[in-house]
Amino acid sequence: MKKIFSLLLVAISIGTAIQAQNFILHIKNNAHMDLMYGNDVEYGLGVLPPGQIAKDQTLDLYFNPNVLTGVEGYLHIFPLGQPEQKTDIYYDNPLIGTGTYSVWSSSVLLCKPVKWAILSNTGADCELTVEIYNPGSGFGKAIPVALNKSGVIKGSVLWDKNNITSPETTPFGNAFVFKVTAPTQFVESNGPFILEKAGTYNGKQGYFQGNKPTGTVSYETVQSFNPNYVEIRYTITGIPTDVPVEMDITTDLQKAKWIAGPQKIKPGEDYVFVVGAFPEVNKSNLTINNGLAQLNGVDFACDGDWMKIDADGKIIGGGAMVNKIAARKSVAVLPNSTIALNSAAKTSATGSSMVQVKAAAQNAQAPIQAKQIQGAAAQKIRIKQ
C-alpha cells in the first residue's frame, strides 16, 4: 500500500531530549542601530518576551527543550518600529537528527552566520553565532530564488524485527518525518565564505540562505531481502536541481510510539523505548551535475533501545544509544555545502566520473550488505539523465 503526502512549508523534526538538547544563539548587532527581537516556538520551552539588542552589542539566547521534546523555532529581528523589515533565524535541535539552522535577510538587515558548533561534550547542544549588518556594510542585498522541481531522491528505511517490532502507527511511513529543504534567497558576494552555501545564481557569485521545505514524498512497504527486516522504500519528487539542498529523515516520536523486538527486554518500569533513523550511506562526497537528477540509495536504518527516565520525565541513561544520538547531530545526510542537484554545473556524472561514483557507492554499501542484507546485491547510486 502506498501513502502519499507533501512536505509543505512547515519543516518539523520531532524528537525527545536526552539531558541537554539546547540551542544556543549569539547575536552580534553590527547594524549600527538598536534592534528588537521576538520568537515563535515549534518545540521547546515557552515564547521569549520581546527584547532589544542595542547597537554594537551581543545578545546570548538559550532555547531549552520541554520534557521529552527537542528544540525548534524561529527568532525574528527587526529595526525599532519596523517589524516588516525583519530578518529571521530558524533553529532546530531534535533528539535524533542533524542539528540545523537557517537565516533570512531583509532589504534593511542582512544576517550572516559566522560560527557553528555541535557541543557533544555537553549533551549535543547546538551553538550558532550570527552577525547582523545593514546592506551598505559591503554585502549585497538578498534576492528571492526561483526553484525548479525536476529532481528525485530515492532510498529505503530498514529495521531488524528482532530489535524493533514496529511503530504503533500504521502505515509505517507515518512514523517518520521526511524533510528536504532548499534556499529561498541569494546574496551576491565575493566572500570570503565560511559557513555560507556558496555558489552561483543567474551568473553571479555569492551564497544562498533561507530555508524552504520542498518536495512530495511517496512510500511503500516492500519485501526485504532479509525476512527479519522491515523495509520501507520512499521517493521524493519535485526537488530543485539548481541550488544546494538538505535532506534528513527522523522518527516522529510525538506521533508514534515504537514496540520493542524480542531481543530488547525492558529493564524496568522507569524505561521508555526510543527509536531513531540513522543514515547508512554518507553522501558528503557526491555532487550530481545533470539536468534531470535522480539520486538513489539514500538509505536509513532504524535503531532503538530502552532509556531510563527520572521522576520529571527526562531521559537520564541509555547506554551506547546516547552516544549514537549525539554523533547523529553532526552527520549531515545531504550536507548543503557539498550536495547540489545542479543543472547549471559544467561537469557531468558520465564516463570516469560515473565509474567513481558507482565505486564509492559499492564501497559505502559493503558493510550494510554484510550486516543486513546477507549476501543480496548492494544497491548502487544511479544518476539518470
# chains A, B, ... in the order shown; residues from 1 in each chain; ligands from 1
>>> closest_atom_pairs(of="segment 13-85 of chain A", to="segment 124-143 of chain A", cutoff="12 Å", atoms="only C-alpha atoms", output="Markdown table")
| residue | atom | partner | partner_atom | distance |
| --- | --- | --- | --- | --- |
| A:Ala17 | CA | A:Ala124 | CA | 9.9 |
| A:Ile18 | CA | A:Ala124 | CA | 9.0 |
| A:Gln19 | CA | A:Ala124 | CA | 9.2 |
| A:Ala20 | CA | A:Asp125 | CA | 6.4 |
| A:Gln21 | CA | A:Asp125 | CA | 5.1 |
| A:Asn22 | CA | A:Asp125 | CA | 4.9 |
| A:Phe23 | CA | A:Cys126 | CA | 4.8 |
| A:Ile24 | CA | A:Glu127 | CA | 4.6 |
| A:Leu25 | CA | A:Leu128 | CA | 5.0 |
| A:His26 | CA | A:Thr129 | CA | 4.6 |
| A:Ile27 | CA | A:Val130 | CA | 5.2 |
| A:Lys28 | CA | A:Glu131 | CA | 4.7 |
| A:Asn29 | CA | A:Ile132 | CA | 5.2 |
| A:Asn30 | CA | A:Tyr133 | CA | 5.2 |
| A:Ala31 | CA | A:Tyr133 | CA | 4.3 |
| A:His32 | CA | A:Tyr133 | CA | 8.0 |
| A:Met33 | CA | A:Asn134 | CA | 9.3 |
| A:Asp34 | CA | A:Ile132 | CA | 11.1 |
| A:Leu35 | CA | A:Ile132 | CA | 9.6 |
| A:Met36 | CA | A:Ile132 | CA | 12.0 |
| A:Ile53 | CA | A:Ile132 | CA | 10.6 |
| A:Ala54 | CA | A:Ile132 | CA | 11.7 |
| A:Lys55 | CA | A:Ile132 | CA | 10.0 |
| A:Asp56 | CA | A:Ile132 | CA | 9.7 |
| A:Gln57 | CA | A:Glu131 | CA | 10.4 |
| A:Thr58 | CA | A:Glu131 | CA | 9.0 |
| A:Leu59 | CA | A:Thr129 | CA | 9.9 |
| A:Asp60 | CA | A:Thr129 | CA | 9.1 |
| A:Leu61 | CA | A:Glu127 | CA | 10.0 |
| A:Tyr62 | CA | A:Glu127 | CA | 9.2 |
| A:Phe63 | CA | A:Cys126 | CA | 9.9 |
| A:Asn64 | CA | A:Asp125 | CA | 9.7 |
| A:Pro65 | CA | A:Asp125 | CA | 10.8 |
| A:Gly70 | CA | A:Asp125 | CA | 10.7 |
| A:Val71 | CA | A:Cys126 | CA | 10.0 |
| A:Glu72 | CA | A:Cys126 | CA | 11.4 |
| A:Leu75 | CA | A:Val130 | CA | 11.9 |
| A:His76 | CA | A:Ile132 | CA | 11.9 |
| A:Ile77 | CA | A:Ile132 | CA | 9.1 |
| A:Phe78 | CA | A:Ile132 | CA | 10.0 |
| A:Pro79 | CA | A:Asn134 | CA | 10.4 |
| A:Gln85 | CA | A:Asn134 | CA | 11.3 |
>>> closest_residue(among="A:Phe186, A:Lys329, A:Ser156, A:Pro279", to="Asp92 of chain A", atoms="only C-alpha atoms")
A:Lys329
>>> select_by_dssp(residues="segment 20-50 of chain A", states="strand (DSSP E)", output="PyMOL selection string")
chain A and resi 23-29+35-43
>>> select_by_dssp(residues="segment 33-235 of chain A", states="helix (DSSP H, G or I)", output="list in words")
Pro83, Glu84, Gln85, Ser120, Asn121, Thr122, Phe172, Gly173, Asn174 and Ala175 of chain A
>>> write_last_selection(atoms="C-alpha atoms", output="PDB file, in the first residue's frame")
ATOM      1  CA  PRO A  83       8.674  44.719  12.140  1.00  0.00           C
ATOM      2  CA  GLU A  84       8.012  44.265   8.391  1.00  0.00           C
ATOM      3  CA  GLN A  85      11.782  44.523   7.791  1.00  0.00           C
ATOM      4  CA  SER A 120      28.630  16.905  22.016  1.00  0.00           C
ATOM      5  CA  ASN A 121      30.520  17.084  25.301  1.00  0.00           C
ATOM      6  CA  THR A 122      27.545  18.879  26.864  1.00  0.00           C
ATOM      7  CA  PHE A 172       4.752   2.644   8.895  1.00  0.00           C
ATOM      8  CA  GLY A 173       5.698   5.726   6.882  1.00  0.00           C
ATOM      9  CA  ASN A 174       3.558   7.879   9.162  1.00  0.00           C
ATOM     10  CA  ALA A 175       6.070   7.319  11.960  1.00  0.00           C
TER      11      ALA A 175
END
>>> residues_around(residues="Asn148 of chain A", least_positions_apart="2", cutoff="8 Å", atoms="only C-alpha atoms", output="list of chain:residue names")
A:Ala146, A:Ser150, A:Gly238, A:Ile239, A:Pro240, A:Thr241, A:Asp242
>>> write_last_selection(atoms="N, CA and C atoms", output="PDB file, in the first residue's frame")
ATOM      1  N   ALA A 146      14.195  31.506  -7.418  1.00  0.00           N
ATOM      2  CA  ALA A 146      13.145  30.711  -8.072  1.00  0.00           C
ATOM      3  C   ALA A 146      13.605  29.261  -8.137  1.00  0.00           C
ATOM      4  N   SER A 150      12.546  19.507 -10.702  1.00  0.00           N
ATOM      5  CA  SER A 150      12.833  18.396 -11.608  1.00  0.00           C
ATOM      6  C   SER A 150      13.672  17.284 -10.986  1.00  0.00           C
ATOM      7  N   GLY A 238       9.960  16.397  -7.096  1.00  0.00           N
ATOM      8  CA  GLY A 238       9.825  17.847  -7.034  1.00  0.00           C
ATOM      9  C   GLY A 238      10.949  18.525  -6.285  1.00  0.00           C
ATOM     10  N   ILE A 239      12.174  17.952  -6.377  1.00  0.00           N
ATOM     11  CA  ILE A 239      13.339  18.511  -5.682  1.00  0.00           C
ATOM     12  C   ILE A 239      14.059  19.494  -6.609  1.00  0.00           C
ATOM     13  N   PRO A 240      14.383  20.703  -6.164  1.00  0.00           N
ATOM     14  CA  PRO A 240      15.133  21.648  -7.010  1.00  0.00           C
ATOM     15  C   PRO A 240      16.481  21.073  -7.422  1.00  0.00           C
ATOM     16  N   THR A 241      16.895  21.343  -8.660  1.00  0.00           N
ATOM     17  CA  THR A 241      18.167  20.816  -9.174  1.00  0.00           C
ATOM     18  C   THR A 241      19.194  21.902  -9.432  1.00  0.00           C
ATOM     19  N   ASP A 242      18.886  23.145  -9.097  1.00  0.00           N
ATOM     20  CA  ASP A 242      19.807  24.231  -9.425  1.00  0.00           C
ATOM     21  C   ASP A 242      20.314  24.970  -8.197  1.00  0.00           C
TER      22      ASP A 242
END
>>> atom_distance(atom1="atom CA of Leu45 of chain A", atom2="atom CA of Glu246 of chain A")
26.4 Å
>>> residues_around(residues="Glu188 of chain A", least_positions_apart="2", cutoff="12 Å", atoms="only C-alpha atoms", output="JSON, numbers by chain")
{"A": [110, 135, 138, 139, 140, 141, 142, 143, 144, 185, 186, 190, 191, 192, 193, 196, 197, 198, 199, 200, 201, 202, 203, 204, 205, 206, 207, 208, 209]}
>>> atom_distance(atom1="atom CA of Pro49 of chain A", atom2="atom CA of Gly81 of chain A")
16.5 Å
>>> closest_residue(among="A:Asp310, A:Asp299, A:Asp40, A:Glu269", to="Ile232 of chain A", atoms="only C-alpha atoms")
A:Asp299
>>> closest_residue(among="A:Ser330, A:Asn211, A:Gln263, A:Leu80", to="Leu109 of chain A", atoms="only C-alpha atoms")
A:Leu80
